[in-house]
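Dumped work_1.pdb below, it's PDB, C-alpha atoms, pLDDT in the B column:
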```
ATOM      1  CA  ASP A   1      -6.165  85.240 133.885  1.00 65.00           C
ATOM      2  CA  ALA A   2      -8.131  87.022 136.581  1.00 78.00           C
ATOM      3  CA  GLY A   3      -5.746  85.874 139.278  1.00 92.00           C
ATOM      4  CA  VAL A   4      -6.690  84.162 142.506  1.00 96.00           C
ATOM      5  CA  ILE A   5     -10.268  85.080 143.375  1.00 97.00           C
ATOM      6  CA  GLN A   6     -11.520  85.122 146.937  1.00 97.00           C
ATOM      7  CA  SER A   7     -14.993  85.756 148.230  1.00 97.00           C
ATOM      8  CA  PRO A   8     -16.383  87.474 150.107  1.00 97.00           C
ATOM      9  CA  ARG A   9     -13.993  90.458 150.483  1.00 96.00           C
ATOM     10  CA  HIS A  10     -15.476  91.318 153.866  1.00 97.00           C
ATOM     11  CA  GLU A  11     -17.487  89.238 156.283  1.00 97.00           C
ATOM     12  CA  VAL A  12     -18.990  90.329 159.577  1.00 98.00           C
ATOM     13  CA  THR A  13     -20.648  87.623 161.598  1.00 97.00           C
ATOM     14  CA  GLU A  14     -21.795  86.945 165.121  1.00 97.00           C
ATOM     15  CA  MET A  15     -19.966  84.633 167.449  1.00 97.00           C
ATOM     16  CA  GLY A  16     -21.161  81.063 167.061  1.00 97.00           C
ATOM     17  CA  GLN A  17     -22.145  81.364 163.429  1.00 97.00           C
ATOM     18  CA  GLU A  18     -20.649  79.302 160.632  1.00 97.00           C
ATOM     19  CA  VAL A  19     -18.390  81.136 158.202  1.00 98.00           C
ATOM     20  CA  THR A  20     -17.316  79.868 154.786  1.00 98.00           C
ATOM     21  CA  LEU A  21     -14.550  81.506 152.802  1.00 98.00           C
ATOM     22  CA  ARG A  22     -14.077  80.691 149.130  1.00 98.00           C
ATOM     23  CA  CYS A  23     -11.139  80.614 146.768  1.00 98.00           C
ATOM     24  CA  LYS A  24     -10.679  80.052 143.054  1.00 98.00           C
ATOM     25  CA  PRO A  25      -7.018  79.453 142.195  1.00 97.00           C
ATOM     26  CA  ILE A  26      -5.308  80.284 138.925  1.00 95.00           C
ATOM     27  CA  SER A  27      -6.105  77.734 136.235  1.00 94.00           C
ATOM     28  CA  GLY A  28      -3.251  75.267 135.880  1.00 91.00           C
ATOM     29  CA  HIS A  29      -1.809  75.857 139.341  1.00 92.00           C
ATOM     30  CA  ASN A  30      -1.539  72.616 141.268  1.00 90.00           C
ATOM     31  CA  SER A  31      -0.903  73.904 144.780  1.00 91.00           C
ATOM     32  CA  LEU A  32      -3.254  75.944 146.950  1.00 94.00           C
ATOM     33  CA  PHE A  33      -2.516  77.570 150.301  1.00 95.00           C
ATOM     34  CA  TRP A  34      -4.655  79.161 152.995  1.00 97.00           C
ATOM     35  CA  TYR A  35      -3.024  81.818 155.216  1.00 95.00           C
ATOM     36  CA  ARG A  36      -4.262  83.922 158.098  1.00 96.00           C
ATOM     37  CA  GLN A  37      -2.830  87.357 158.829  1.00 94.00           C
ATOM     38  CA  THR A  38      -3.161  89.240 162.115  1.00 92.00           C
ATOM     39  CA  MET A  39      -1.227  92.065 163.706  1.00 87.00           C
ATOM     40  CA  MET A  40      -0.141  89.848 166.571  1.00 87.00           C
ATOM     41  CA  ARG A  41       0.947  86.728 164.693  1.00 87.00           C
ATOM     42  CA  GLY A  42       1.706  88.012 161.222  1.00 87.00           C
ATOM     43  CA  LEU A  43       1.219  85.604 158.320  1.00 90.00           C
ATOM     44  CA  GLU A  44       0.408  82.012 159.322  1.00 91.00           C
ATOM     45  CA  LEU A  45       0.071  79.054 156.974  1.00 93.00           C
ATOM     46  CA  LEU A  46      -3.096  77.160 157.890  1.00 96.00           C
ATOM     47  CA  ILE A  47      -3.208  74.356 155.325  1.00 96.00           C
ATOM     48  CA  TYR A  48      -2.071  73.564 151.820  1.00 94.00           C
ATOM     49  CA  PHE A  49      -3.151  71.236 149.026  1.00 94.00           C
ATOM     50  CA  ASN A  50      -1.258  69.650 146.156  1.00 91.00           C
ATOM     51  CA  ASN A  51      -3.406  68.337 143.305  1.00 92.00           C
ATOM     52  CA  ASN A  52      -6.507  68.825 145.475  1.00 94.00           C
ATOM     53  CA  VAL A  53      -5.132  66.633 148.274  1.00 94.00           C
ATOM     54  CA  PRO A  54      -4.486  68.188 151.716  1.00 95.00           C
ATOM     55  CA  ILE A  55      -0.789  67.800 152.464  1.00 92.00           C
ATOM     56  CA  ASP A  56      -0.245  69.622 155.746  1.00 92.00           C
ATOM     57  CA  ASP A  57      -2.961  70.981 158.010  1.00 93.00           C
ATOM     58  CA  SER A  58      -0.789  71.380 161.089  1.00 92.00           C
ATOM     59  CA  GLY A  59      -1.361  75.120 161.008  1.00 92.00           C
ATOM     60  CA  MET A  60      -5.118  74.818 161.428  1.00 95.00           C
ATOM     61  CA  PRO A  61      -5.667  76.245 164.899  1.00 89.00           C
ATOM     62  CA  GLU A  62      -8.527  74.061 166.085  1.00 87.00           C
ATOM     63  CA  ASP A  63     -11.124  71.511 165.049  1.00 92.00           C
ATOM     64  CA  ARG A  64     -13.464  74.429 164.415  1.00 96.00           C
ATOM     65  CA  PHE A  65     -11.471  75.044 161.224  1.00 97.00           C
ATOM     66  CA  SER A  66     -11.807  72.819 158.175  1.00 97.00           C
ATOM     67  CA  ALA A  67     -10.793  73.162 154.532  1.00 98.00           C
ATOM     68  CA  LYS A  68     -11.756  71.318 151.384  1.00 97.00           C
ATOM     69  CA  MET A  69     -10.704  71.307 147.772  1.00 97.00           C
ATOM     70  CA  PRO A  70     -13.316  69.287 145.856  1.00 96.00           C
ATOM     71  CA  ASN A  71     -11.743  70.100 142.484  1.00 95.00           C
ATOM     72  CA  ALA A  72      -8.821  71.953 140.923  1.00 94.00           C
ATOM     73  CA  SER A  73     -10.716  75.220 140.628  1.00 95.00           C
ATOM     74  CA  PHE A  74     -12.302  75.663 144.030  1.00 96.00           C
ATOM     75  CA  SER A  75     -11.486  75.538 147.720  1.00 98.00           C
ATOM     76  CA  THR A  76     -13.302  76.490 150.912  1.00 98.00           C
ATOM     77  CA  LEU A  77     -12.190  77.307 154.424  1.00 98.00           C
ATOM     78  CA  LYS A  78     -14.913  76.863 157.022  1.00 98.00           C
ATOM     79  CA  ILE A  79     -15.038  78.002 160.635  1.00 97.00           C
ATOM     80  CA  GLN A  80     -17.780  76.508 162.759  1.00 97.00           C
ATOM     81  CA  PRO A  81     -18.538  77.891 165.286  1.00 96.00           C
ATOM     82  CA  SER A  82     -16.750  81.201 164.821  1.00 97.00           C
ATOM     83  CA  GLU A  83     -15.223  83.141 167.730  1.00 97.00           C
ATOM     84  CA  PRO A  84     -14.042  86.756 168.062  1.00 97.00           C
ATOM     85  CA  ARG A  85     -10.389  85.624 168.115  1.00 96.00           C
ATOM     86  CA  ASP A  86     -10.858  84.290 164.567  1.00 97.00           C
ATOM     87  CA  SER A  87     -11.077  87.879 163.327  1.00 97.00           C
ATOM     88  CA  ALA A  88      -8.289  88.300 160.773  1.00 97.00           C
ATOM     89  CA  VAL A  89      -7.598  88.595 157.078  1.00 96.00           C
ATOM     90  CA  TYR A  90      -7.610  85.202 155.373  1.00 97.00           C
ATOM     91  CA  PHE A  91      -5.594  84.821 152.194  1.00 96.00           C
ATOM     92  CA  CYS A  92      -5.658  82.120 149.577  1.00 97.00           C
ATOM     93  CA  ALA A  93      -2.661  81.631 147.271  1.00 95.00           C
ATOM     94  CA  SER A  94      -1.866  79.252 144.441  1.00 94.00           C
ATOM     95  CA  SER A  95       1.287  78.165 142.643  1.00 91.00           C
ATOM     96  CA  LEU A  96       2.696  75.640 140.245  1.00 85.00           C
ATOM     97  CA  ASN A  97       4.157  72.571 141.911  1.00 73.00           C
ATOM     98  CA  GLU A  98       7.701  73.389 140.916  1.00 61.00           C
ATOM     99  CA  GLY A  99       9.749  74.657 143.862  1.00 59.00           C
ATOM    100  CA  GLU A 100      11.250  77.648 142.059  1.00 63.00           C
ATOM    101  CA  GLY A 101       7.978  79.388 141.597  1.00 73.00           C
ATOM    102  CA  GLY A 102       6.388  81.995 143.770  1.00 83.00           C
ATOM    103  CA  TYR A 103       2.792  82.293 144.813  1.00 91.00           C
ATOM    104  CA  THR A 104      -0.074  84.353 143.493  1.00 93.00           C
ATOM    105  CA  PHE A 105      -2.184  85.674 146.333  1.00 94.00           C
ATOM    106  CA  GLY A 106      -5.817  86.624 146.341  1.00 95.00           C
ATOM    107  CA  SER A 107      -6.975  89.945 147.770  1.00 94.00           C
ATOM    108  CA  GLY A 108      -8.064  88.304 150.993  1.00 96.00           C
ATOM    109  CA  THR A 109     -11.223  88.069 153.071  1.00 97.00           C
ATOM    110  CA  ARG A 110     -11.394  90.345 156.084  1.00 97.00           C
ATOM    111  CA  LEU A 111     -13.355  88.449 158.736  1.00 98.00           C
ATOM    112  CA  THR A 112     -14.790  90.183 161.777  1.00 98.00           C
ATOM    113  CA  VAL A 113     -16.517  88.073 164.407  1.00 98.00           C
ATOM    114  CA  VAL A 114     -18.492  90.125 166.934  1.00 97.00           C
TER
ATOM    115  CA  GLY B   1      14.849  73.519 159.390  1.00 81.00           C
ATOM    116  CA  ASN B   2      14.136  76.394 157.033  1.00 87.00           C
ATOM    117  CA  SER B   3      13.689  79.920 158.355  1.00 91.00           C
ATOM    118  CA  VAL B   4      13.886  83.546 157.291  1.00 94.00           C
ATOM    119  CA  THR B   5      14.905  86.474 159.471  1.00 95.00           C
ATOM    120  CA  GLN B   6      14.345  90.024 158.340  1.00 94.00           C
ATOM    121  CA  MET B   7      14.972  93.329 160.026  1.00 88.00           C
ATOM    122  CA  GLU B   8      12.242  94.589 162.272  1.00 84.00           C
ATOM    123  CA  GLY B   9      10.401  97.680 161.308  1.00 85.00           C
ATOM    124  CA  PRO B  10       8.950 100.042 160.986  1.00 94.00           C
ATOM    125  CA  VAL B  11      11.373 101.779 158.679  1.00 96.00           C
ATOM    126  CA  THR B  12      10.647 105.436 157.956  1.00 97.00           C
ATOM    127  CA  LEU B  13      12.475 107.219 155.156  1.00 97.00           C
ATOM    128  CA  SER B  14      12.225 110.492 153.326  1.00 97.00           C
ATOM    129  CA  GLU B  15      11.426 110.437 149.632  1.00 97.00           C
ATOM    130  CA  GLU B  16      14.491 109.745 147.426  1.00 97.00           C
ATOM    131  CA  ALA B  17      16.411 108.125 150.286  1.00 97.00           C
ATOM    132  CA  PHE B  18      18.279 104.835 149.830  1.00 98.00           C
ATOM    133  CA  LEU B  19      16.535 101.732 151.136  1.00 97.00           C
ATOM    134  CA  THR B  20      17.998  98.522 152.519  1.00 97.00           C
ATOM    135  CA  ILE B  21      15.910  95.838 154.196  1.00 97.00           C
ATOM    136  CA  ASN B  22      18.054  93.013 155.506  1.00 97.00           C
ATOM    137  CA  CYS B  23      17.082  89.365 155.092  1.00 97.00           C
ATOM    138  CA  THR B  24      19.026  86.278 156.082  1.00 97.00           C
ATOM    139  CA  TYR B  25      17.959  82.683 155.794  1.00 96.00           C
ATOM    140  CA  THR B  26      18.619  79.187 157.064  1.00 95.00           C
ATOM    141  CA  ALA B  27      17.834  76.346 154.717  1.00 91.00           C
ATOM    142  CA  THR B  28      18.659  72.789 153.840  1.00 84.00           C
ATOM    143  CA  GLY B  29      19.545  72.385 150.214  1.00 81.00           C
ATOM    144  CA  TYR B  30      19.449  75.190 147.665  1.00 84.00           C
ATOM    145  CA  PRO B  31      16.342  77.292 148.060  1.00 91.00           C
ATOM    146  CA  SER B  32      14.820  79.903 145.799  1.00 91.00           C
ATOM    147  CA  LEU B  33      14.494  83.306 147.442  1.00 94.00           C
ATOM    148  CA  PHE B  34      11.728  85.865 147.081  1.00 95.00           C
ATOM    149  CA  TRP B  35      10.618  89.319 148.105  1.00 97.00           C
ATOM    150  CA  TYR B  36       6.900  90.011 148.329  1.00 97.00           C
ATOM    151  CA  VAL B  37       5.228  93.379 148.860  1.00 97.00           C
ATOM    152  CA  GLN B  38       1.862  94.045 150.491  1.00 95.00           C
ATOM    153  CA  TYR B  39       0.241  97.419 149.887  1.00 95.00           C
ATOM    154  CA  PRO B  40      -2.451  98.572 152.327  1.00 90.00           C
ATOM    155  CA  GLY B  41      -5.657  96.578 152.006  1.00 87.00           C
ATOM    156  CA  GLU B  42      -4.240  94.165 149.431  1.00 90.00           C
ATOM    157  CA  GLY B  43      -2.767  90.689 149.224  1.00 92.00           C
ATOM    158  CA  LEU B  44       0.932  89.948 148.853  1.00 94.00           C
ATOM    159  CA  GLN B  45       2.452  90.440 145.426  1.00 94.00           C
ATOM    160  CA  LEU B  46       5.662  88.918 144.174  1.00 94.00           C
ATOM    161  CA  LEU B  47       8.222  91.702 143.833  1.00 97.00           C
ATOM    162  CA  LEU B  48      11.302  89.789 142.704  1.00 97.00           C
ATOM    163  CA  LYS B  49      13.019  86.440 143.018  1.00 95.00           C
ATOM    164  CA  ALA B  50      16.352  84.661 142.586  1.00 95.00           C
ATOM    165  CA  THR B  51      16.719  80.929 142.126  1.00 91.00           C
ATOM    166  CA  LYS B  52      20.444  80.309 142.545  1.00 91.00           C
ATOM    167  CA  ALA B  53      23.543  81.758 144.145  1.00 93.00           C
ATOM    168  CA  ASP B  54      24.766  85.114 142.765  1.00 95.00           C
ATOM    169  CA  ASP B  55      21.515  85.685 140.869  1.00 96.00           C
ATOM    170  CA  LYS B  56      20.143  89.201 141.128  1.00 97.00           C
ATOM    171  CA  GLY B  57      16.409  89.727 141.121  1.00 97.00           C
ATOM    172  CA  SER B  58      15.101  93.148 140.142  1.00 97.00           C
ATOM    173  CA  ASN B  59      11.781  94.873 139.591  1.00 97.00           C
ATOM    174  CA  LYS B  60      10.408  98.435 139.849  1.00 95.00           C
ATOM    175  CA  GLY B  61      13.830  99.752 140.880  1.00 97.00           C
ATOM    176  CA  PHE B  62      14.214  97.205 143.666  1.00 98.00           C
ATOM    177  CA  GLU B  63      17.092  94.717 143.664  1.00 98.00           C
ATOM    178  CA  ALA B  64      18.273  91.790 145.748  1.00 98.00           C
ATOM    179  CA  THR B  65      21.250  89.474 145.239  1.00 98.00           C
ATOM    180  CA  TYR B  66      21.304  85.845 146.376  1.00 97.00           C
ATOM    181  CA  ARG B  67      24.444  85.579 148.530  1.00 96.00           C
ATOM    182  CA  LYS B  68      25.093  81.970 149.461  1.00 94.00           C
ATOM    183  CA  GLU B  69      28.265  82.752 151.425  1.00 94.00           C
ATOM    184  CA  THR B  70      26.411  85.072 153.793  1.00 96.00           C
ATOM    185  CA  THR B  71      22.992  83.360 153.404  1.00 96.00           C
ATOM    186  CA  SER B  72      21.461  86.738 152.672  1.00 97.00           C
ATOM    187  CA  PHE B  73      19.025  88.330 150.229  1.00 98.00           C
ATOM    188  CA  HIS B  74      18.900  92.015 151.182  1.00 98.00           C
ATOM    189  CA  LEU B  75      16.405  94.250 149.403  1.00 98.00           C
ATOM    190  CA  GLU B  76      17.666  97.597 148.082  1.00 98.00           C
ATOM    191  CA  LYS B  77      16.332 100.581 146.203  1.00 98.00           C
ATOM    192  CA  GLY B  78      18.323 103.642 145.316  1.00 97.00           C
ATOM    193  CA  SER B  79      15.562 106.235 145.631  1.00 96.00           C
ATOM    194  CA  VAL B  80      12.282 105.431 147.360  1.00 97.00           C
ATOM    195  CA  GLN B  81       8.960 107.080 146.617  1.00 97.00           C
ATOM    196  CA  VAL B  82       5.901 107.646 148.769  1.00 97.00           C
ATOM    197  CA  SER B  83       4.163 104.962 146.708  1.00 96.00           C
ATOM    198  CA  ASP B  84       6.688 102.385 147.969  1.00 97.00           C
ATOM    199  CA  SER B  85       5.124 102.552 151.431  1.00 97.00           C
ATOM    200  CA  ALA B  86       4.087  98.969 152.154  1.00 97.00           C
ATOM    201  CA  VAL B  87       5.043  95.851 154.084  1.00 96.00           C
ATOM    202  CA  TYR B  88       7.869  93.810 152.559  1.00 97.00           C
ATOM    203  CA  PHE B  89       8.251  90.063 153.146  1.00 96.00           C
ATOM    204  CA  CYS B  90      11.329  87.969 152.462  1.00 96.00           C
ATOM    205  CA  ALA B  91      10.666  84.283 151.751  1.00 94.00           C
ATOM    206  CA  LEU B  92      12.340  81.071 150.684  1.00 92.00           C
ATOM    207  CA  ARG B  93      11.157  77.912 149.013  1.00 89.00           C
ATOM    208  CA  ASN B  94      13.072  74.678 148.778  1.00 82.00           C
ATOM    209  CA  SER B  95      12.744  72.361 145.832  1.00 72.00           C
ATOM    210  CA  GLY B  96       9.763  70.115 145.467  1.00 67.00           C
ATOM    211  CA  ASN B  97       6.267  70.822 146.618  1.00 66.00           C
ATOM    212  CA  THR B  98       7.221  72.564 149.834  1.00 76.00           C
ATOM    213  CA  PRO B  99       5.490  75.758 150.922  1.00 85.00           C
ATOM    214  CA  LEU B 100       7.109  79.156 151.068  1.00 88.00           C
ATOM    215  CA  VAL B 101       8.613  80.132 154.409  1.00 89.00           C
ATOM    216  CA  PHE B 102       8.021  83.827 155.096  1.00 92.00           C
ATOM    217  CA  GLY B 103       9.784  86.307 157.324  1.00 93.00           C
ATOM    218  CA  LYS B 104       7.699  88.436 159.670  1.00 91.00           C
ATOM    219  CA  GLY B 105       7.577  91.401 157.306  1.00 94.00           C
ATOM    220  CA  THR B 106       9.062  94.899 157.484  1.00 96.00           C
ATOM    221  CA  ARG B 107       6.819  97.936 157.281  1.00 96.00           C
ATOM    222  CA  LEU B 108       8.225 100.792 155.208  1.00 97.00           C
ATOM    223  CA  SER B 109       6.827 104.305 155.403  1.00 97.00           C
ATOM    224  CA  VAL B 110       8.129 106.911 152.965  1.00 97.00           C
ATOM    225  CA  ILE B 111       7.324 110.540 153.731  1.00 97.00           C
ATOM    226  CA  ALA B 112       7.357 113.409 151.279  1.00 94.00           C
TER
END
```

Would you give me this structure, written as C-alpha cells?
Amino acid sequence: DAGVIQSPRHEVTEMGQEVTLRCKPISGHNSLFWYRQTMMRGLELLIYFNNNVPIDDSGMPEDRFSAKMPNASFSTLKIQPSEPRDSAVYFCASSLNEGEGGYTFGSGTRLTVV
Amino acid sequence: GNSVTQMEGPVTLSEEAFLTINCTYTATGYPSLFWYVQYPGEGLQLLLKATKADDKGSNKGFEATYRKETTSFHLEKGSVQVSDSAVYFCALRNSGNTPLVFGKGTRLSVIA
C-alpha cells in the first residue's frame, strides 16, 4: 500500500482565495482524520469521519472550513475564503475502526496564505 | 476526560546518551498508548504502542512500558543517535471509534 496520500504537498495562495486539500486514505481503513499543525497550537484535530460519515467537527475553526468524504477512498478539506492565519501544515490520517490501532499519517500539505 | 501530558522540550543530548521522555495520561477505561515520531518535514509515524497494562512496546531501540499504577508511558532509549533528532508525541486511544488524544510533543536534538 502506498500509505495515506495527500495533495498538494505545498500550496501558496492569496488571501481570499479558495483552497482545497485532498486525501486518499489507506484502502480498508474506515476512519479518516484531518489535523492542523502550527508552532503556536501544535497538533489540532479538525474533524474526523467513520465510514465516510462526519462524526465530530468541533475542531473546525470557522465556517470558512468544510470537509467532505464522498466515498471511502477520498476526502477533501476546503477553506473559503482563506486568510493568512490559516497558514499551517494540514495532515490527513486514517485508521481501522478498532480502538487499539494507531493512525497512518500522510506527509501533509504545507499551506501558505499571503 | 482523556488527556496526555508529556515533558516540555526541547531536549538536547549528545550522541550515545540515554534518553527518557516522560508521558503521563488521564483516561476513562483502559486505553491503548502510543508513541509517534515526526522527522523534519514529514508526517507523524507510529513508533511503538502498548495495548494493556505492563505491556512493553519497542521499536528501533526505543522502549516504553504501560504502567497503570502510575498512569505513565515513558519513552526510553539507551543510546541516541543524531538521526533520532525529531519531535516525539505520546498519545492514547480509548476503545471504540474514538480519536487519538495527543500530547503537545517533545523536540529532541542529538548532537555529535

message = Taking only C-alpha atoms into account, find every residue of chain A that has an atom no more than 9 Å from chain B, and write it out as a ChimeraX atom specification.
response = /A:31,33,41-45,48,50,91,96-108

message = If we count all atoms listed in the file and set the cut-off at 10 Å, which residues sit around range 7-14 of chain A, ignoring sequence neighbours fewer than 6 positions away in its own chain? Please answer as number ranges by chain.
response = A: 20-24, 76, 81-84, 87, 89-90, 106-114

message = Once the PyMOL selection byres ((chain B and resi 22) around 10) has been evaluated on this model, what residues remain selected, and can you format them as a PyMOL selection string?
response = chain B and resi 5-8+19-21+23-24+64+72-76+90+106

Atomic distance CA of Leu32 in chain A - CA of Arg107 in chain B, expressed in Å with one decimal =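 These two atoms are separated by 26.3 Å.
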
Within 12 Å of file point (-11.3, 72.8, 169.1), counting only C-alpha atoms, expressed as a list in words =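 Those residues, ordered by chain and then number, are Met60, Pro61, Glu62, Asp63, Arg64, Phe65, Ser66, Ile79, Gln80, Pro81, Ser82 and Glu83 of chain A.
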
query = Can you tell me how far CA of Ser109 in chain B sits from CA of Thr26 in chain B, in Å to one decimal?
reply =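 Going from CA of Ser109 in chain B over to CA of Thr26 in chain B covers 27.8 Å.
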
Exactly which residues make up the result of the PyMOL selection byres ((chain A and resi 27) around 8) on this file, given as a compact mmCIF listing (two decimals) with C-alpha atoms, in the coordinates of the input?
```txt
# COMPACT_ATOMS: atom_id res chain seq x y z
CA ASP A 1 -6.16 85.24 133.88
CA PRO A 25 -7.02 79.45 142.20
CA ILE A 26 -5.31 80.28 138.93
CA GLY A 28 -3.25 75.27 135.88
CA HIS A 29 -1.81 75.86 139.34
CA ALA A 72 -8.82 71.95 140.92
CA SER A 73 -10.72 75.22 140.63
```

ask   = From the set A:Arg85, A:Ala2, A:Met69, A:Arg36, which residue has the shortest atom-to-atom contact distance to Phe49 in chain A, counting all atoms listed in the file?
value =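 Answer, going by the shortest atom-to-atom distance: A:Met69.
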
query = Out of A:Tyr35, A:Asn30, A:Ser95, A:Ile47, which residue has the shortest atom-to-atom distance to Asn71 in chain A when counting all atoms listed in the file?
reply = A:Asn30

Would you compute the box with edges along x, y and z of the file around range 12-25 of chain B, including every atom the file lists for it and 6 Å extra on each side, and give its centre and edge lengths in Å to one decimal, as JSON?
```
{"center_x": 14.8, "center_y": 96.6, "center_z": 152.7, "size_x": 20.4, "size_y": 39.8, "size_z": 22.5}
```

ask   = Between CA of Glu63 in chain B and CA of Val4 in chain A, what is the spacing in Å?
value =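 These atoms are spaced 26.0 Å apart.
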
request  = Using the chain letters and residue numbers of this document, give as a count of residues only the residues selected by the PyMOL selection byres ((chain B and resi 61) around 10).
outcome  = 10
